[in-house]
>>> print(open('upload37.pdb').read())   # PDB, C-alpha atoms
ATOM      1  CA  MET A  12      80.652 111.342  74.407
ATOM      2  CA  ALA A  13      78.063 112.278  71.780
ATOM      3  CA  TRP A  14      78.971 115.999  71.898
ATOM      4  CA  PRO A  15      80.778 116.720  68.576
ATOM      5  CA  PRO A  16      83.750 118.672  70.052
ATOM      6  CA  LEU A  17      84.627 115.793  72.393
ATOM      7  CA  TYR A  18      83.761 113.193  69.759
ATOM      8  CA  TYR A  19      86.183 114.677  67.211
ATOM      9  CA  GLU A  20      88.746 115.318  69.928
ATOM     10  CA  LEU A  21      88.932 111.566  70.509
ATOM     11  CA  ILE A  22      88.835 110.668  66.804
ATOM     12  CA  TYR A  23      91.747 112.970  65.944
ATOM     13  CA  GLY A  24      93.702 112.151  69.104
ATOM     14  CA  GLN A  25      94.038 115.779  70.195
ATOM     15  CA  LEU A  26      95.053 117.239  73.569
ATOM     16  CA  THR A  27      92.203 119.690  74.144
ATOM     17  CA  ALA A  28      90.715 117.597  76.953
ATOM     18  CA  LEU A  29      94.067 117.784  78.756
ATOM     19  CA  LEU A  30      94.187 121.532  78.121
ATOM     20  CA  PHE A  31      90.682 121.785  79.581
ATOM     21  CA  VAL A  32      91.835 120.114  82.802
ATOM     22  CA  LEU A  33      94.854 122.440  83.070
ATOM     23  CA  LEU A  34      92.686 125.473  82.287
ATOM     24  CA  THR A  35      90.165 124.454  84.950
ATOM     25  CA  CYS A  36      92.981 124.067  87.487
ATOM     26  CA  ALA A  37      94.315 127.512  86.520
ATOM     27  CA  TRP A  38      90.837 129.003  86.934
ATOM     28  CA  LEU A  39      90.317 127.500  90.395
ATOM     29  CA  THR A  40      93.793 128.266  91.738
ATOM     30  CA  LEU A  41      94.028 131.825  90.417
ATOM     31  CA  GLY A  42      90.505 132.486  91.684
ATOM     32  CA  SER A  43      91.628 131.291  95.129
ATOM     33  CA  LYS A  44      94.625 133.677  95.061
ATOM     34  CA  LYS A  45      97.054 130.762  94.689
ATOM     35  CA  ASN A  46      98.916 132.786  92.088
ATOM     36  CA  ILE A  47     102.109 130.746  91.810
ATOM     37  CA  THR A  48     100.209 127.484  91.347
ATOM     38  CA  GLY A  49      97.859 129.147  88.879
ATOM     39  CA  GLY A  50     100.822 130.549  86.978
ATOM     40  CA  ILE A  51     102.335 127.067  86.738
ATOM     41  CA  PHE A  52      99.121 125.731  85.181
ATOM     42  CA  ILE A  53      99.048 128.622  82.694
ATOM     43  CA  GLY A  54     102.693 127.906  81.870
ATOM     44  CA  LEU A  55     101.915 124.236  81.239
ATOM     45  CA  LEU A  56      99.060 125.274  78.939
ATOM     46  CA  ILE A  57     101.345 127.499  76.891
ATOM     47  CA  ALA A  58     104.108 124.883  76.827
ATOM     48  CA  ILE A  59     101.705 122.317  75.332
ATOM     49  CA  LYS A  60      99.845 124.716  73.012
ATOM     50  CA  LEU A  61     100.603 128.409  72.599
ATOM     51  CA  MET A  62      96.960 129.474  72.561
ATOM     52  CA  ALA A  63      96.855 130.567  76.251
ATOM     53  CA  TRP A  64      99.246 133.525  75.808
ATOM     54  CA  PRO A  65      96.495 136.228  76.255
ATOM     55  CA  PHE A  66      96.343 135.174  79.921
ATOM     56  CA  ILE A  67      99.954 136.319  80.334
ATOM     57  CA  ILE A  68      99.078 139.765  78.970
ATOM     58  CA  PHE A  69      96.111 139.977  81.353
ATOM     59  CA  LEU A  70      98.161 138.892  84.374
ATOM     60  CA  THR A  71     100.925 141.324  83.442
ATOM     61  CA  ILE A  72      98.514 144.264  83.178
ATOM     62  CA  ARG A  73      97.030 143.253  86.518
ATOM     63  CA  LYS A  74     100.613 143.167  87.907
ATOM     64  CA  ASN A  75     100.153 139.633  89.162
ATOM     65  CA  TRP A  76     103.894 139.082  89.084
ATOM     66  CA  PRO A  77     103.967 135.769  91.013
ATOM     67  CA  ALA A  78     101.678 134.192  88.395
ATOM     68  CA  VAL A  79     103.564 135.759  85.460
ATOM     69  CA  ILE A  80     106.961 134.662  86.777
ATOM     70  CA  ALA A  81     105.714 131.149  87.598
ATOM     71  CA  ALA A  82     104.183 130.797  84.132
ATOM     72  CA  SER A  83     107.356 132.065  82.426
ATOM     73  CA  ILE A  84     109.626 129.733  84.390
ATOM     74  CA  THR A  85     107.295 126.800  83.621
ATOM     75  CA  VAL A  86     107.327 127.526  79.878
ATOM     76  CA  ILE A  87     111.125 127.890  79.784
ATOM     77  CA  THR A  88     111.686 124.780  81.897
ATOM     78  CA  SER A  89     109.280 122.711  79.791
ATOM     79  CA  ASN A  90     111.011 123.741  76.583
ATOM     80  CA  MET A  91     114.418 123.016  78.073
ATOM     81  CA  ILE A  92     113.259 119.514  79.034
ATOM     82  CA  ALA A  93     111.792 119.022  75.555
ATOM     83  CA  GLY A  94     115.067 120.199  74.014
ATOM     84  CA  LEU A  95     117.097 117.770  76.113
ATOM     85  CA  ILE A  96     114.824 114.875  75.138
ATOM     86  CA  MET A  97     114.178 115.633  71.452
ATOM     87  CA  GLY A  98     117.028 117.958  70.603
ATOM     88  CA  PHE A  99     116.975 121.750  70.638
ATOM     89  CA  ASP A 100     116.995 121.826  66.847
ATOM     90  CA  GLN A 101     113.544 120.205  66.889
ATOM     91  CA  VAL A 102     112.227 122.739  69.414
ATOM     92  CA  LEU A 103     113.540 125.655  67.327
ATOM     93  CA  TYR A 104     112.088 124.078  64.189
ATOM     94  CA  TYR A 105     108.680 123.906  65.848
ATOM     95  CA  TYR A 106     108.688 127.593  66.848
ATOM     96  CA  PHE A 107     110.260 129.103  63.737
ATOM     97  CA  LYS A 108     109.195 126.772  60.909
ATOM     98  CA  VAL A 109     106.050 124.809  61.740
ATOM     99  CA  SER A 110     103.738 127.824  62.100
ATOM    100  CA  ALA A 111     104.909 129.240  58.775
ATOM    101  CA  ILE A 112     104.180 125.877  57.129
ATOM    102  CA  VAL A 113     100.819 125.196  58.800
ATOM    103  CA  SER A 114      99.250 128.672  58.630
ATOM    104  CA  PRO A 115      98.904 128.835  54.804
ATOM    105  CA  LEU A 116      97.363 125.352  54.811
ATOM    106  CA  TYR A 117      94.552 126.143  57.226
ATOM    107  CA  ARG A 118      93.915 129.908  57.116
ATOM    108  CA  GLY A 119      91.265 129.489  54.410
ATOM    109  CA  CYS A 120      89.806 126.216  55.651
ATOM    110  CA  ASP A 121      86.044 126.403  56.244
ATOM    111  CA  SER A 122      86.364 124.444  59.508
ATOM    112  CA  ASN A 123      88.787 126.966  61.001
ATOM    113  CA  PHE A 124      86.748 129.617  62.854
ATOM    114  CA  SER A 125      89.660 131.732  64.101
ATOM    115  CA  MET A 126      89.432 135.529  63.863
ATOM    116  CA  TRP A 127      92.640 135.308  61.843
ATOM    117  CA  THR A 128      90.775 133.640  58.966
ATOM    118  CA  ILE A 129      88.287 136.462  58.241
ATOM    119  CA  GLY A 130      90.569 138.625  56.118
ATOM    120  CA  TRP A 131      91.992 135.661  54.241
ATOM    121  CA  ARG A 132      88.514 134.407  53.384
ATOM    122  CA  LEU A 133      87.377 137.821  52.160
ATOM    123  CA  PHE A 134      90.440 138.681  50.085
ATOM    124  CA  GLU A 135      92.011 135.320  49.240
ATOM    125  CA  GLY A 136      89.024 132.999  49.234
ATOM    126  CA  THR A 137      88.255 129.853  51.176
ATOM    127  CA  GLY A 138      89.745 126.429  50.769
ATOM    128  CA  SER A 139      92.814 124.511  51.769
ATOM    129  CA  PRO A 140      95.308 122.316  49.924
ATOM    130  CA  ILE A 141      94.341 119.606  52.426
ATOM    131  CA  ILE A 142      90.624 119.912  53.281
ATOM    132  CA  GLY A 143      87.673 122.249  52.993
ATOM    133  CA  LEU A 144      85.268 123.930  50.618
ATOM    134  CA  THR A 145      86.618 126.335  48.027
ATOM    135  CA  SER A 146      85.189 129.711  47.009
ATOM    136  CA  LEU A 147      86.563 132.796  45.273
ATOM    137  CA  PRO A 148      87.433 135.974  47.219
ATOM    138  CA  ILE A 149      85.367 139.157  47.034
ATOM    139  CA  VAL A 150      88.527 140.980  45.934
ATOM    140  CA  ASP A 151      91.773 139.132  45.298
ATOM    141  CA  SER A 152      94.315 141.046  47.392
ATOM    142  CA  PRO A 153      96.984 139.276  49.480
ATOM    143  CA  PHE A 154      97.869 142.602  51.136
ATOM    144  CA  LEU A 155      94.291 143.273  52.248
ATOM    145  CA  ALA A 156      93.971 139.662  53.381
ATOM    146  CA  LEU A 157      97.013 139.958  55.646
ATOM    147  CA  PHE A 158      96.217 143.488  56.848
ATOM    148  CA  SER A 159      92.553 142.841  57.659
ATOM    149  CA  SER A 160      93.300 139.524  59.376
ATOM    150  CA  CYS A 161      95.946 141.136  61.575
ATOM    151  CA  ALA A 162      93.680 144.103  62.291
ATOM    152  CA  MET A 163      90.700 141.914  63.197
ATOM    153  CA  SER A 164      92.814 139.746  65.502
ATOM    154  CA  ILE A 165      94.405 142.732  67.257
ATOM    155  CA  LEU A 166      91.031 144.466  67.625
ATOM    156  CA  PHE A 167      89.407 141.322  69.012
ATOM    157  CA  LEU A 168      92.287 140.824  71.461
ATOM    158  CA  SER A 169      92.172 144.466  72.578
ATOM    159  CA  VAL A 170      88.412 144.485  73.127
ATOM    160  CA  GLY A 171      88.540 141.125  74.915
ATOM    161  CA  LEU A 172      91.331 142.252  77.246
ATOM    162  CA  ARG A 173      89.504 145.509  77.980
ATOM    163  CA  LEU A 174      86.310 143.644  78.871
ATOM    164  CA  ALA A 175      88.249 141.174  81.030
ATOM    165  CA  LEU A 176      90.038 143.969  82.874
ATOM    166  CA  ARG A 177      86.780 145.849  83.513
ATOM    167  CA  ALA A 178      84.801 142.798  84.640
ATOM    168  CA  ARG A 179      83.559 142.877  88.223
ATOM    169  CA  SER A 180      84.589 139.329  89.077
ATOM    170  CA  PHE A 181      87.640 137.237  88.327
ATOM    171  CA  ASP A 182      85.479 134.394  87.034
ATOM    172  CA  THR A 183      83.955 136.664  84.390
ATOM    173  CA  SER A 184      87.415 137.867  83.389
ATOM    174  CA  PHE A 185      88.649 134.296  83.110
ATOM    175  CA  GLY A 186      85.660 133.244  80.993
ATOM    176  CA  ILE A 187      86.246 136.137  78.603
ATOM    177  CA  LEU A 188      89.932 135.250  78.312
ATOM    178  CA  VAL A 189      89.070 131.643  77.465
ATOM    179  CA  CYS A 190      86.965 132.866  74.525
ATOM    180  CA  VAL A 191      89.658 135.319  73.434
ATOM    181  CA  SER A 192      92.394 132.685  73.605
ATOM    182  CA  THR A 193      90.290 130.263  71.585
ATOM    183  CA  LEU A 194      89.551 132.692  68.743
ATOM    184  CA  VAL A 195      92.572 134.985  68.477
ATOM    185  CA  ASN A 196      95.090 132.331  67.430
ATOM    186  CA  PRO A 197      95.613 131.429  63.744
ATOM    187  CA  VAL A 198      93.858 128.059  64.069
ATOM    188  CA  ALA A 199      90.635 127.223  65.941
ATOM    189  CA  TRP A 200      88.958 123.866  65.363
ATOM    190  CA  GLY A 201      85.635 122.532  66.555
ATOM    191  CA  TYR A 202      87.124 120.482  69.356
ATOM    192  CA  TYR A 203      88.545 123.698  70.863
ATOM    193  CA  LEU A 204      84.970 124.352  71.997
ATOM    194  CA  ILE A 205      85.633 121.924  74.850
ATOM    195  CA  LEU A 206      87.444 124.823  76.526
ATOM    196  CA  THR A 207      84.331 126.990  76.364
ATOM    197  CA  LEU A 208      82.638 124.765  78.935
ATOM    198  CA  ILE A 209      84.285 127.041  81.523
ATOM    199  CA  PRO A 210      82.615 130.301  80.385
ATOM    200  CA  VAL A 211      79.364 128.362  79.822
ATOM    201  CA  VAL A 212      79.436 127.226  83.457
ATOM    202  CA  ILE A 213      80.247 130.762  84.646
ATOM    203  CA  VAL A 214      77.399 132.307  82.647
ATOM    204  CA  GLY A 215      74.978 129.565  83.718
ATOM    205  CA  ARG A 216      75.846 130.047  87.370
ATOM    206  CA  ASP A 217      75.461 133.836  87.163
ATOM    207  CA  LEU A 218      72.103 133.516  85.417
ATOM    208  CA  SER A 219      70.853 131.089  88.057
ATOM    209  CA  ILE A 220      71.880 133.506  90.825
ATOM    210  CA  HIS A 221      70.219 136.543  89.260
TER     211      HIS A 221
END
>>> encode(input="upload37.pdb", output="structure tokens")
Amino acid sequence: MAWPPLYYELIYGQLTALLFVLLTCAWLTLGSKKNITGGIFIGLLIAIKLMAWPFIIFLTIRKNWPAVIAASITVITSNMIAGLIMGFDQVLYYYFKVSAIVSPLYRGCDSNFSMWTIGWRLFEGTGSPIIGLTSLPIVDSPFLALFSSCAMSILFLSVGLRLALRARSFDTSFGILVCVSTLVNPVAWGYYLILTLIPVVIVGRDLSIH
């Protein structure tokens, strides 16, 4: 309870602890070759928060079609249920409007440690209309800010996927994908570090064995 990521998770009323449970279930089921069940957990993760999408790319490259199909059906079904409850206009607003509104607010925030923020900090400066410290950019260039942020995110995703695909064990691949999913999205807050307990456990176990 005293660990800052969990502490702030509870203060801000976030869902990362729930995502951690779903991610752990996905790890255990996919590692046990229960691909459909694992795909359902991945689908639930994406339906709640889009950050788990690199797992779909990994599973697709690995041609784990049962998991990919199960995850896709889960995401579609979840959004259909949400649309029936809240209205499909609200679901479409979330996907097509909210990200465009939120991204400019937080891309320069000092508390956001996403890979996406690097270019914006270098070429647009730090700071947010809502929170955060403010500093001037090295060179004021919106084009370079966008280009370098996209390039850094794509490079990080590509390297992470390559490492995950070349890993000798599924657990190592999963741990790498957790880190990639945490950092490659436009927003990454301190309480997202709750998810990194999985790769920490994997690394700790491997070190104890060797």
>>> closest_atom_pairs(input="upload37.pdb", of="region 111-214 of chain A", to="region 25-36 of chain A", cutoff="7 Å", atoms="only C-alpha atoms", output="CSV")
residue,atom,partner,partner_atom,distance
A:Tyr203,CA,A:Thr27,CA,6.3
A:Ile205,CA,A:Phe31,CA,6.9
A:Leu206,CA,A:Phe31,CA,5.4
>>> closest_atom_pairs(input="upload37.pdb", of="region 138-191 of chain A", to="region 115-130 of chain A", cutoff="10 Å", atoms="only C-alpha atoms", output="tab-separated table")
residue	atom	partner	partner_atom	distance
A:Gly138	CA	A:Cys120	CA	4.9
A:Ser139	CA	A:Cys120	CA	5.2
A:Pro140	CA	A:Leu116	CA	6.1
A:Ile141	CA	A:Leu116	CA	6.9
A:Ile142	CA	A:Cys120	CA	6.8
A:Gly143	CA	A:Cys120	CA	5.2
A:Leu144	CA	A:Asp121	CA	6.2
A:Thr145	CA	A:Asp121	CA	8.2
A:Ser146	CA	A:Gly119	CA	9.6
A:Pro148	CA	A:Gly130	CA	9.8
A:Ser152	CA	A:Gly130	CA	9.8
A:Pro153	CA	A:Gly130	CA	9.3
A:Phe154	CA	A:Gly130	CA	9.7
A:Leu155	CA	A:Gly130	CA	7.1
A:Ala156	CA	A:Gly130	CA	4.5
A:Leu157	CA	A:Gly130	CA	6.6
A:Phe158	CA	A:Gly130	CA	7.5
A:Ser159	CA	A:Gly130	CA	4.9
A:Ser160	CA	A:Gly130	CA	4.3
A:Cys161	CA	A:Trp127	CA	6.7
A:Ala162	CA	A:Gly130	CA	8.8
A:Met163	CA	A:Met126	CA	6.5
A:Ser164	CA	A:Met126	CA	5.6
A:Ile165	CA	A:Trp127	CA	9.4
A:Leu166	CA	A:Met126	CA	9.8
A:Phe167	CA	A:Met126	CA	7.8
A:Leu168	CA	A:Met126	CA	9.7
A:Val191	CA	A:Met126	CA	9.6
>>> atom_distance(input="upload37.pdb", atom1="CA of Trp76 (chain A)", atom2="CA of Leu61 (chain A)")
19.9 Å
>>> closest_residue(input="upload37.pdb", among="A:Tyr202, A:Phe99, A:Tyr105, A:Phe66", to="Gly171 (chain A)", atoms="all atoms listed in the file")
A:Phe66
>>> resolve_selection(input="upload37.pdb", expression="the PyMOL selection byres ((chain A and resi 56) around 10)", output="ChimeraX atom specification")
/A:29-34,37,50-55,57-64,82,85-86
>>> write_last_selection(input="upload37.pdb", atoms="C-alpha atoms", output="compact mmCIF listing (two decimals), in the frame of the given file")
# COMPACT_ATOMS: atom_id res chain seq x y z
CA LEU A 29 94.07 117.78 78.76
CA LEU A 30 94.19 121.53 78.12
CA PHE A 31 90.68 121.78 79.58
CA VAL A 32 91.84 120.11 82.80
CA LEU A 33 94.85 122.44 83.07
CA LEU A 34 92.69 125.47 82.29
CA ALA A 37 94.32 127.51 86.52
CA GLY A 50 100.82 130.55 86.98
CA ILE A 51 102.34 127.07 86.74
CA PHE A 52 99.12 125.73 85.18
CA ILE A 53 99.05 128.62 82.69
CA GLY A 54 102.69 127.91 81.87
CA LEU A 55 101.92 124.24 81.24
CA ILE A 57 101.34 127.50 76.89
CA ALA A 58 104.11 124.88 76.83
CA ILE A 59 101.70 122.32 75.33
CA LYS A 60 99.84 124.72 73.01
CA LEU A 61 100.60 128.41 72.60
CA MET A 62 96.96 129.47 72.56
CA ALA A 63 96.86 130.57 76.25
CA TRP A 64 99.25 133.52 75.81
CA ALA A 82 104.18 130.80 84.13
CA THR A 85 107.30 126.80 83.62
CA VAL A 86 107.33 127.53 79.88
>>> closest_residue(input="upload37.pdb", among="A:Glu135, A:Lys108, A:Gly201, A:Thr48", to="Glu20 (chain A)", atoms="all atoms listed in the file")
A:Gly201
>>> atom_distance(input="upload37.pdb", atom1="CA of Val198 (chain A)", atom2="CA of Trp131 (chain A)")
12.6 Å
>>> closest_residue(input="upload37.pdb", among="A:Arg177, A:Leu218, A:Pro16, A:Leu103", to="Met91 (chain A)", atoms="all atoms listed in the file")
A:Leu103
>>> closest_residue(input="upload37.pdb", among="A:Gly94, A:Pro15, A:Pro65, A:Gly49", to="Ala81 (chain A)", atoms="all atoms listed in the file")
A:Gly49
>>> closest_residue(input="upload37.pdb", among="A:Gln101, A:Ser180, A:Asn46, A:Thr88", to="Lys74 (chain A)", atoms="only C-alpha atoms")
A:Asn46
>>> resolve_selection(input="upload37.pdb", expression="the PyMOL selection byres ((chain A and resi 183) around 12)", output="PyMOL selection string")
chain A and resi 38+42+171-172+174-182+184-190+209-217
>>> atom_distance(input="upload37.pdb", atom1="CA of Ser169 (chain A)", atom2="CA of Val150 (chain A)")
27.1 Å
>>> closest_residue(input="upload37.pdb", among="A:Ile22, A:Ala78, A:Ile84, A:Ala111", to="Leu41 (chain A)", atoms="all atoms listed in the file")
A:Ala78
>>> decode(input="upload37.pdb", residues="region 129-141 of chain A", atoms="all heavy atoms", output="mmCIF file, in the first residue's frame")
data_model
loop_
_atom_site.group_PDB
_atom_site.id
_atom_site.type_symbol
_atom_site.label_atom_id
_atom_site.label_comp_id
_atom_site.auth_asym_id
_atom_site.auth_seq_id
_atom_site.Cartn_x
_atom_site.Cartn_y
_atom_site.Cartn_z
ATOM 1 N N ILE A 129 8.974 12.138 -26.024
ATOM 2 C CA ILE A 129 10.372 12.572 -26.173
ATOM 3 C C ILE A 129 10.509 13.681 -27.212
ATOM 4 O O ILE A 129 11.112 14.731 -26.965
ATOM 5 C CB ILE A 129 11.269 11.371 -26.535
ATOM 6 C CG1 ILE A 129 11.291 10.378 -25.377
ATOM 7 C CG2 ILE A 129 12.694 11.854 -26.862
ATOM 8 C CD1 ILE A 129 12.070 9.116 -25.663
ATOM 9 N N GLY A 130 9.950 13.460 -28.393
ATOM 10 C CA GLY A 130 10.050 14.472 -29.442
ATOM 11 C C GLY A 130 9.357 15.765 -29.072
ATOM 12 O O GLY A 130 9.872 16.864 -29.344
ATOM 13 N N TRP A 131 8.200 15.649 -28.434
ATOM 14 C CA TRP A 131 7.460 16.858 -28.051
ATOM 15 C C TRP A 131 8.233 17.660 -27.019
ATOM 16 O O TRP A 131 8.225 18.898 -27.038
ATOM 17 C CB TRP A 131 6.084 16.468 -27.514
ATOM 18 C CG TRP A 131 5.201 15.854 -28.544
ATOM 19 C CD1 TRP A 131 4.867 14.537 -28.654
ATOM 20 C CD2 TRP A 131 4.569 16.519 -29.650
ATOM 21 N NE1 TRP A 131 4.064 14.347 -29.749
ATOM 22 C CE2 TRP A 131 3.850 15.543 -30.365
ATOM 23 C CE3 TRP A 131 4.536 17.853 -30.078
ATOM 24 C CZ2 TRP A 131 3.116 15.848 -31.503
ATOM 25 C CZ3 TRP A 131 3.796 18.159 -31.208
ATOM 26 C CH2 TRP A 131 3.099 17.166 -31.911
ATOM 27 N N ARG A 132 8.909 16.980 -26.098
ATOM 28 C CA ARG A 132 9.675 17.690 -25.084
ATOM 29 C C ARG A 132 10.891 18.395 -25.697
ATOM 30 O O ARG A 132 11.244 19.495 -25.289
ATOM 31 C CB ARG A 132 10.129 16.704 -24.007
ATOM 32 C CG ARG A 132 8.978 16.198 -23.161
ATOM 33 C CD ARG A 132 9.451 15.208 -22.131
ATOM 34 N NE ARG A 132 8.349 14.777 -21.290
ATOM 35 C CZ ARG A 132 8.470 13.931 -20.285
ATOM 36 N NH1 ARG A 132 9.648 13.425 -19.981
ATOM 37 N NH2 ARG A 132 7.414 13.583 -19.569
ATOM 38 N N LEU A 133 11.531 17.724 -26.667
ATOM 39 C CA LEU A 133 12.713 18.312 -27.283
ATOM 40 C C LEU A 133 12.377 19.508 -28.159
ATOM 41 O O LEU A 133 13.096 20.513 -28.169
ATOM 42 C CB LEU A 133 13.453 17.256 -28.113
ATOM 43 C CG LEU A 133 14.161 16.140 -27.337
ATOM 44 C CD1 LEU A 133 14.721 15.111 -28.303
ATOM 45 C CD2 LEU A 133 15.260 16.714 -26.461
ATOM 46 N N PHE A 134 11.282 19.412 -28.919
ATOM 47 C CA PHE A 134 11.007 20.408 -29.953
ATOM 48 C C PHE A 134 9.741 21.235 -29.722
ATOM 49 O O PHE A 134 9.368 22.050 -30.552
ATOM 50 C CB PHE A 134 10.927 19.719 -31.326
ATOM 51 C CG PHE A 134 12.188 18.993 -31.697
ATOM 52 C CD1 PHE A 134 12.233 17.611 -31.720
ATOM 53 C CD2 PHE A 134 13.339 19.703 -31.983
ATOM 54 C CE1 PHE A 134 13.403 16.932 -32.056
ATOM 55 C CE2 PHE A 134 14.516 19.038 -32.323
ATOM 56 C CZ PHE A 134 14.555 17.656 -32.355
ATOM 57 N N GLU A 135 9.072 21.002 -28.586
ATOM 58 C CA GLU A 135 7.931 21.845 -28.236
ATOM 59 C C GLU A 135 8.032 22.329 -26.795
ATOM 60 O O GLU A 135 7.371 23.286 -26.403
ATOM 61 C CB GLU A 135 6.614 21.084 -28.446
ATOM 62 C CG GLU A 135 5.393 21.977 -28.385
ATOM 63 C CD GLU A 135 4.096 21.226 -28.638
ATOM 64 O OE1 GLU A 135 3.751 20.351 -27.820
ATOM 65 O OE2 GLU A 135 3.443 21.499 -29.657
ATOM 66 N N GLY A 136 8.874 21.669 -26.012
ATOM 67 C CA GLY A 136 9.024 22.029 -24.619
ATOM 68 C C GLY A 136 8.170 21.162 -23.709
ATOM 69 O O GLY A 136 7.355 20.369 -24.168
ATOM 70 N N THR A 137 8.378 21.302 -22.420
ATOM 71 C CA THR A 137 7.585 20.547 -21.458
ATOM 72 C C THR A 137 6.519 21.447 -20.854
ATOM 73 O O THR A 137 6.570 22.668 -20.958
ATOM 74 C CB THR A 137 8.465 19.991 -20.330
ATOM 75 O OG1 THR A 137 9.031 21.093 -19.602
ATOM 76 C CG2 THR A 137 9.581 19.139 -20.884
ATOM 77 N N GLY A 138 5.564 20.803 -20.224
ATOM 78 C CA GLY A 138 4.478 21.558 -19.604
ATOM 79 C C GLY A 138 3.144 21.111 -20.137
ATOM 80 O O GLY A 138 3.043 20.483 -21.191
ATOM 81 N N SER A 139 2.119 21.414 -19.399
ATOM 82 C CA SER A 139 0.762 21.042 -19.760
ATOM 83 C C SER A 139 -0.180 22.145 -19.307
ATOM 84 O O SER A 139 0.058 22.800 -18.284
ATOM 85 C CB SER A 139 0.386 19.715 -19.080
ATOM 86 O OG SER A 139 -1.001 19.481 -19.126
ATOM 87 N N PRO A 140 -1.267 22.369 -20.066
ATOM 88 C CA PRO A 140 -2.259 23.342 -19.613
ATOM 89 C C PRO A 140 -2.889 22.981 -18.274
ATOM 90 O O PRO A 140 -3.509 23.821 -17.630
ATOM 91 C CB PRO A 140 -3.305 23.319 -20.735
ATOM 92 C CG PRO A 140 -2.588 22.797 -21.928
ATOM 93 C CD PRO A 140 -1.591 21.823 -21.393
ATOM 94 N N ILE A 141 -2.722 21.703 -17.861
ATOM 95 C CA ILE A 141 -3.366 21.230 -16.637
ATOM 96 C C ILE A 141 -2.374 21.124 -15.484
ATOM 97 O O ILE A 141 -2.558 21.714 -14.427
ATOM 98 C CB ILE A 141 -4.039 19.861 -16.883
ATOM 99 C CG1 ILE A 141 -5.076 19.977 -18.004
ATOM 100 C CG2 ILE A 141 -4.687 19.349 -15.609
ATOM 101 C CD1 ILE A 141 -5.717 18.679 -18.372
#
